[in-house]
Amino acid sequence: MRRSSHPDNEVTTINWPAFKLILPYLFEFKKRIAFAMFCLILTKIASVYLPFILKDIVDTLDAKTPTNLQALVVPFGLVLAYGSVRLAIVVFAEIRDTLFGRVTERAIRRIGLKVFRHLHALDLDFHLNRQTGGLSRDIDRGTSGINFLMRFMVFNIVPTLLEIIMVVTILFVNYGIWFALITLGSILTYIAYSIYATELRTRYVRAANVADSSSNTRAIDSLLNYETVKYFTNEEYEAKAYDEQLATWEQAKIKNRLSLFALNGGQAFIIAMAMTAMLALAAVNVAEDKMTLGDFVLINAFMMQLFMPLNFLGFVYREIKGSLANIENLFGLLDKAPKVKDVENASELNAPQADISFNDISFAYHKKRPIIKGLSFKVNAGEKVAVVGTSGSGKSTLVKLLFRFYDVDSGSITINEKNISQVSQHSLREHIGIVPQDTVLFNDTLFANVNYGDPNASKDQVMQAIEMAHLTKFVNSLPDGVETKVGERGLKLSGGEKQRVAIARTILKNPQILIFDEATSSLDSQSEQAILTAINEVAKNRTSLVIAHRLSTIVDSDNIIVLSEGEIVEQGNHQQLLALQGKYSKMWQLQQSNN
């Protein structure tokens, strides 16, 4: 099973160019970002100044003061200042987070909506070949990646670098080069080790994730096939297979835990050595009266302050690397161009009555396997034309071409003598309604699924469409009526019930062209008759194209097109085709003998 990019399994390098992709969305809020950066700088200045107040408090308490009043007032004032600066750090940080959080959230919203619209604009071929789970994860991880990258770049990496520069400069100016070199050297060593250890650790994290995914996949697959497991009494077999997956996961997690110990242990060793070296040097200077006790406390505070945000460096490094890859995957979706596009200045289709003509059209999904070969026929306004033939003869492909999910390779399809490639796809599809072979419903109420045909329709119009589709009796039998949830993909309804919902939805859309794509092929005789009654009522005075498997459903058609391997071999009405004693007649006799 293919897995989409993830920071723990496929990303090997940091993809910095991906960072540029989100900058245009952020720079829409330049003033807000500038003010957030100003607050960030104030936060760091206050943070760096805090140890100086601590130093003054210690030095004041350590000094021999001339009066008791001074001994009380001065330290109290410094402690008050210390508390005020600490409060200022929190306030400035909260203002920064609030300002920049709004920028990030708006950027994620804009990008998410843009990707969503773009995916709906892509052609059917893309959606037939995509993996829904992988696509969903790419979108989710991409938006999460933007959020993580912005939060840690702005709130962790940049402030930490700014603080390091400020502290190293202060130590060099106030205490000499050795203090600055030890601090800078230890930080660089810490960063280098964290990156190195994280790179080594990635293989164990990857293995743990793969094992976790495999065990989850096995469990879900087994539970989805619950009935099959019971049919074959394979509960123990499934449990054993699942336990084997869990054992692999357990071993991967042990190695992952050990690698984490190595990372954290190494980081702790570097911090301990740096702190020891700095405090030893400071202690020597205090002992020689070159520094005060307050200076000793200041240096200790600086070191703790610097290493605290670096504790998360391994995690941040790995996540930033993954986030940039996920952002690129997200924007990669936007780079995919639809194969079916509207022409520039495409006109709007206006067809109160619709004549449809297929004019010498040819089409192939793959060049080596042509599906439609030089096919021509016409559906006059108000007529019912049926297309029949064996599987693979190109019947359903005609529907996809009429909807313009694909463009023909040659020839043309016209509605009222207007080439459908010259009108907007939106206006074309507004004029066509379909009752498909496999009706897929949203996991919502029955009412909402019918209302989807025209979201602006009133409740009375929806109920009228339900009545016309002969759904009223069924709806009245439900405890919750039209508010009944139909389940994912409409699984709580039978085939016939779903078909009638599809008919009701199409009635509500009120198109001039109706397509019935093998709408009764999987139904029993009683359900079929109910559906046919509804179809015939709906199709009155409309142009209808019926893709049929059961010939008994299209005997009243004005014209029947018989396809074989993408070509018309016969056409005429039911009686004419029977009289020919050809392919249609044989199909009819075969189906009648099976009834």
# chains A, B, ... in the order shown; residues from 1 in each chain; ligands from 1

$ select_by_dssp --residues "range 142-362 of chain A" --states "strand (DSSP E or B)" --output "number ranges by chain"
A: 347, 356-362

$ residues_around --residues "Asn216 in chain A" --least-positions-apart "6" --cutoff "10 Å" --atoms "only C-alpha atoms" --output "MDAnalysis selection string"
chainID A and resid 210 222 242 245:246

$ write_last_selection --atoms "C-alpha atoms" --output "compact mmCIF listing (two decimals), in the first residue's frame"
# COMPACT_ATOMS: atom_id res chain seq x y z
CA VAL A 210 5.50 1.51 9.12
CA SER A 222 -10.15 -7.66 9.56
CA TYR A 242 -2.56 -9.11 14.17
CA GLN A 245 2.12 -7.18 13.32
CA LEU A 246 2.05 -5.93 16.92

$ atom_distance --atom1 "CA of Lys378 in chain A" --atom2 "CA of Ile356 in chain A"
5.7 Å

$ residues_around --residues "range 426-429 of chain A" --least-positions-apart "4" --cutoff "8 Å" --atoms "only C-alpha atoms" --output "ChimeraX atom specification"
/A:348-350,403,420,433

$ residues_around --residues "Ser544 in chain A" --least-positions-apart "4" --cutoff "12 Å" --atoms "only C-alpha atoms" --output "PyMOL selection string"
chain A and resi 353-356+378-387+399+431-435+511-517+535-540+554+557-560

$ residues_around --residues "Thr43 in chain A" --least-positions-apart "6" --cutoff "12 Å" --atoms "only C-alpha atoms" --output "list in words"
Ala36, Met37, Tyr49, Leu50, Val85, Arg86, Leu87, Ala88, Ile89, Val90, Val91, Phe92, Ala93, Glu94, Ile95, Arg96, Asp97, Phe155, Pro159, Thr160, Leu162 and Glu163 of chain A

$ write_last_selection --atoms "N, CA and C atoms" --output "mmCIF file, in the first residue's frame"
data_model
loop_
_atom_site.group_PDB
_atom_site.id
_atom_site.type_symbol
_atom_site.label_atom_id
_atom_site.label_comp_id
_atom_site.auth_asym_id
_atom_site.auth_seq_id
_atom_site.Cartn_x
_atom_site.Cartn_y
_atom_site.Cartn_z
ATOM 1 N N ALA A 36 3.945 41.883 14.934
ATOM 2 C CA ALA A 36 4.264 40.628 15.632
ATOM 3 C C ALA A 36 5.773 40.485 15.800
ATOM 4 N N MET A 37 6.540 40.866 14.762
ATOM 5 C CA MET A 37 8.005 40.807 14.839
ATOM 6 C C MET A 37 8.537 41.807 15.876
ATOM 7 N N TYR A 49 17.346 40.772 29.314
ATOM 8 C CA TYR A 49 17.563 41.734 30.406
ATOM 9 C C TYR A 49 17.260 41.120 31.770
ATOM 10 N N LEU A 50 16.427 40.082 31.808
ATOM 11 C CA LEU A 50 15.993 39.478 33.066
ATOM 12 C C LEU A 50 17.166 39.002 33.943
ATOM 13 N N VAL A 85 9.230 42.565 34.497
ATOM 14 C CA VAL A 85 9.851 42.137 33.237
ATOM 15 C C VAL A 85 9.340 40.745 32.844
ATOM 16 N N ARG A 86 9.212 39.866 33.856
ATOM 17 C CA ARG A 86 8.659 38.525 33.562
ATOM 18 C C ARG A 86 7.248 38.632 32.988
ATOM 19 N N LEU A 87 6.431 39.500 33.563
ATOM 20 C CA LEU A 87 5.073 39.722 33.068
ATOM 21 C C LEU A 87 5.105 40.280 31.648
ATOM 22 N N ALA A 88 6.037 41.223 31.422
ATOM 23 C CA ALA A 88 6.167 41.836 30.089
ATOM 24 C C ALA A 88 6.513 40.786 29.033
ATOM 25 N N ILE A 89 7.387 39.836 29.411
ATOM 26 C CA ILE A 89 7.769 38.772 28.468
ATOM 27 C C ILE A 89 6.538 37.965 28.049
ATOM 28 N N VAL A 90 5.723 37.606 29.029
ATOM 29 C CA VAL A 90 4.519 36.810 28.745
ATOM 30 C C VAL A 90 3.526 37.614 27.903
ATOM 31 N N VAL A 91 3.324 38.895 28.266
ATOM 32 C CA VAL A 91 2.354 39.742 27.552
ATOM 33 C C VAL A 91 2.777 39.937 26.105
ATOM 34 N N PHE A 92 4.064 40.283 25.889
ATOM 35 C CA PHE A 92 4.558 40.485 24.519
ATOM 36 C C PHE A 92 4.458 39.193 23.705
ATOM 37 N N ALA A 93 4.761 38.057 24.351
ATOM 38 C CA ALA A 93 4.685 36.766 23.653
ATOM 39 C C ALA A 93 3.244 36.442 23.267
ATOM 40 N N GLU A 94 2.291 36.734 24.161
ATOM 41 C CA GLU A 94 0.877 36.466 23.860
ATOM 42 C C GLU A 94 0.366 37.355 22.729
ATOM 43 N N ILE A 95 0.781 38.625 22.756
ATOM 44 C CA ILE A 95 0.386 39.540 21.667
ATOM 45 C C ILE A 95 0.953 39.038 20.344
ATOM 46 N N ARG A 96 2.232 38.637 20.365
ATOM 47 C CA ARG A 96 2.876 38.097 19.164
ATOM 48 C C ARG A 96 2.143 36.863 18.646
ATOM 49 N N ASP A 97 1.842 35.931 19.563
ATOM 50 C CA ASP A 97 1.159 34.696 19.165
ATOM 51 C C ASP A 97 -0.223 34.983 18.585
ATOM 52 N N PHE A 155 8.170 31.346 16.415
ATOM 53 C CA PHE A 155 8.102 31.354 17.879
ATOM 54 C C PHE A 155 9.228 30.572 18.553
ATOM 55 N N PRO A 159 13.459 33.375 17.348
ATOM 56 C CA PRO A 159 13.751 33.983 18.645
ATOM 57 C C PRO A 159 14.995 33.396 19.317
ATOM 58 N N THR A 160 15.189 32.082 19.181
ATOM 59 C CA THR A 160 16.354 31.442 19.797
ATOM 60 C C THR A 160 17.648 31.941 19.159
ATOM 61 N N LEU A 162 18.066 34.786 17.655
ATOM 62 C CA LEU A 162 18.216 36.186 18.074
ATOM 63 C C LEU A 162 18.793 36.258 19.489
ATOM 64 N N GLU A 163 18.304 35.402 20.368
ATOM 65 C CA GLU A 163 18.770 35.404 21.752
ATOM 66 C C GLU A 163 20.228 34.944 21.849
#

$ closest_residue --among "A:Asp407, A:Glu288, A:Glu105, A:Asp460" --to "Lys339 in chain A" --atoms "only C-alpha atoms"
A:Asp407

$ residues_around --residues "range 184-193 of chain A" --least-positions-apart "2" --cutoff "7 Å" --atoms "only C-alpha atoms" --output "ChimeraX atom specification"
/A:168,180-182,195-197,267,270,274

$ residues_around --residues "Pro338 in chain A" --least-positions-apart "5" --cutoff "7 Å" --atoms "only C-alpha atoms" --output "ChimeraX atom specification"
/A:121-123

$ write_last_selection --atoms "C-alpha atoms" --output "mmCIF file, in the first residue's frame"
data_model
loop_
_atom_site.group_PDB
_atom_site.id
_atom_site.type_symbol
_atom_site.label_atom_id
_atom_site.label_comp_id
_atom_site.auth_asym_id
_atom_site.auth_seq_id
_atom_site.Cartn_x
_atom_site.Cartn_y
_atom_site.Cartn_z
ATOM 1 C CA ALA A 121 -11.754 21.476 -11.119
ATOM 2 C CA LEU A 122 -9.499 18.551 -12.042
ATOM 3 C CA ASP A 123 -10.729 16.028 -14.596
#
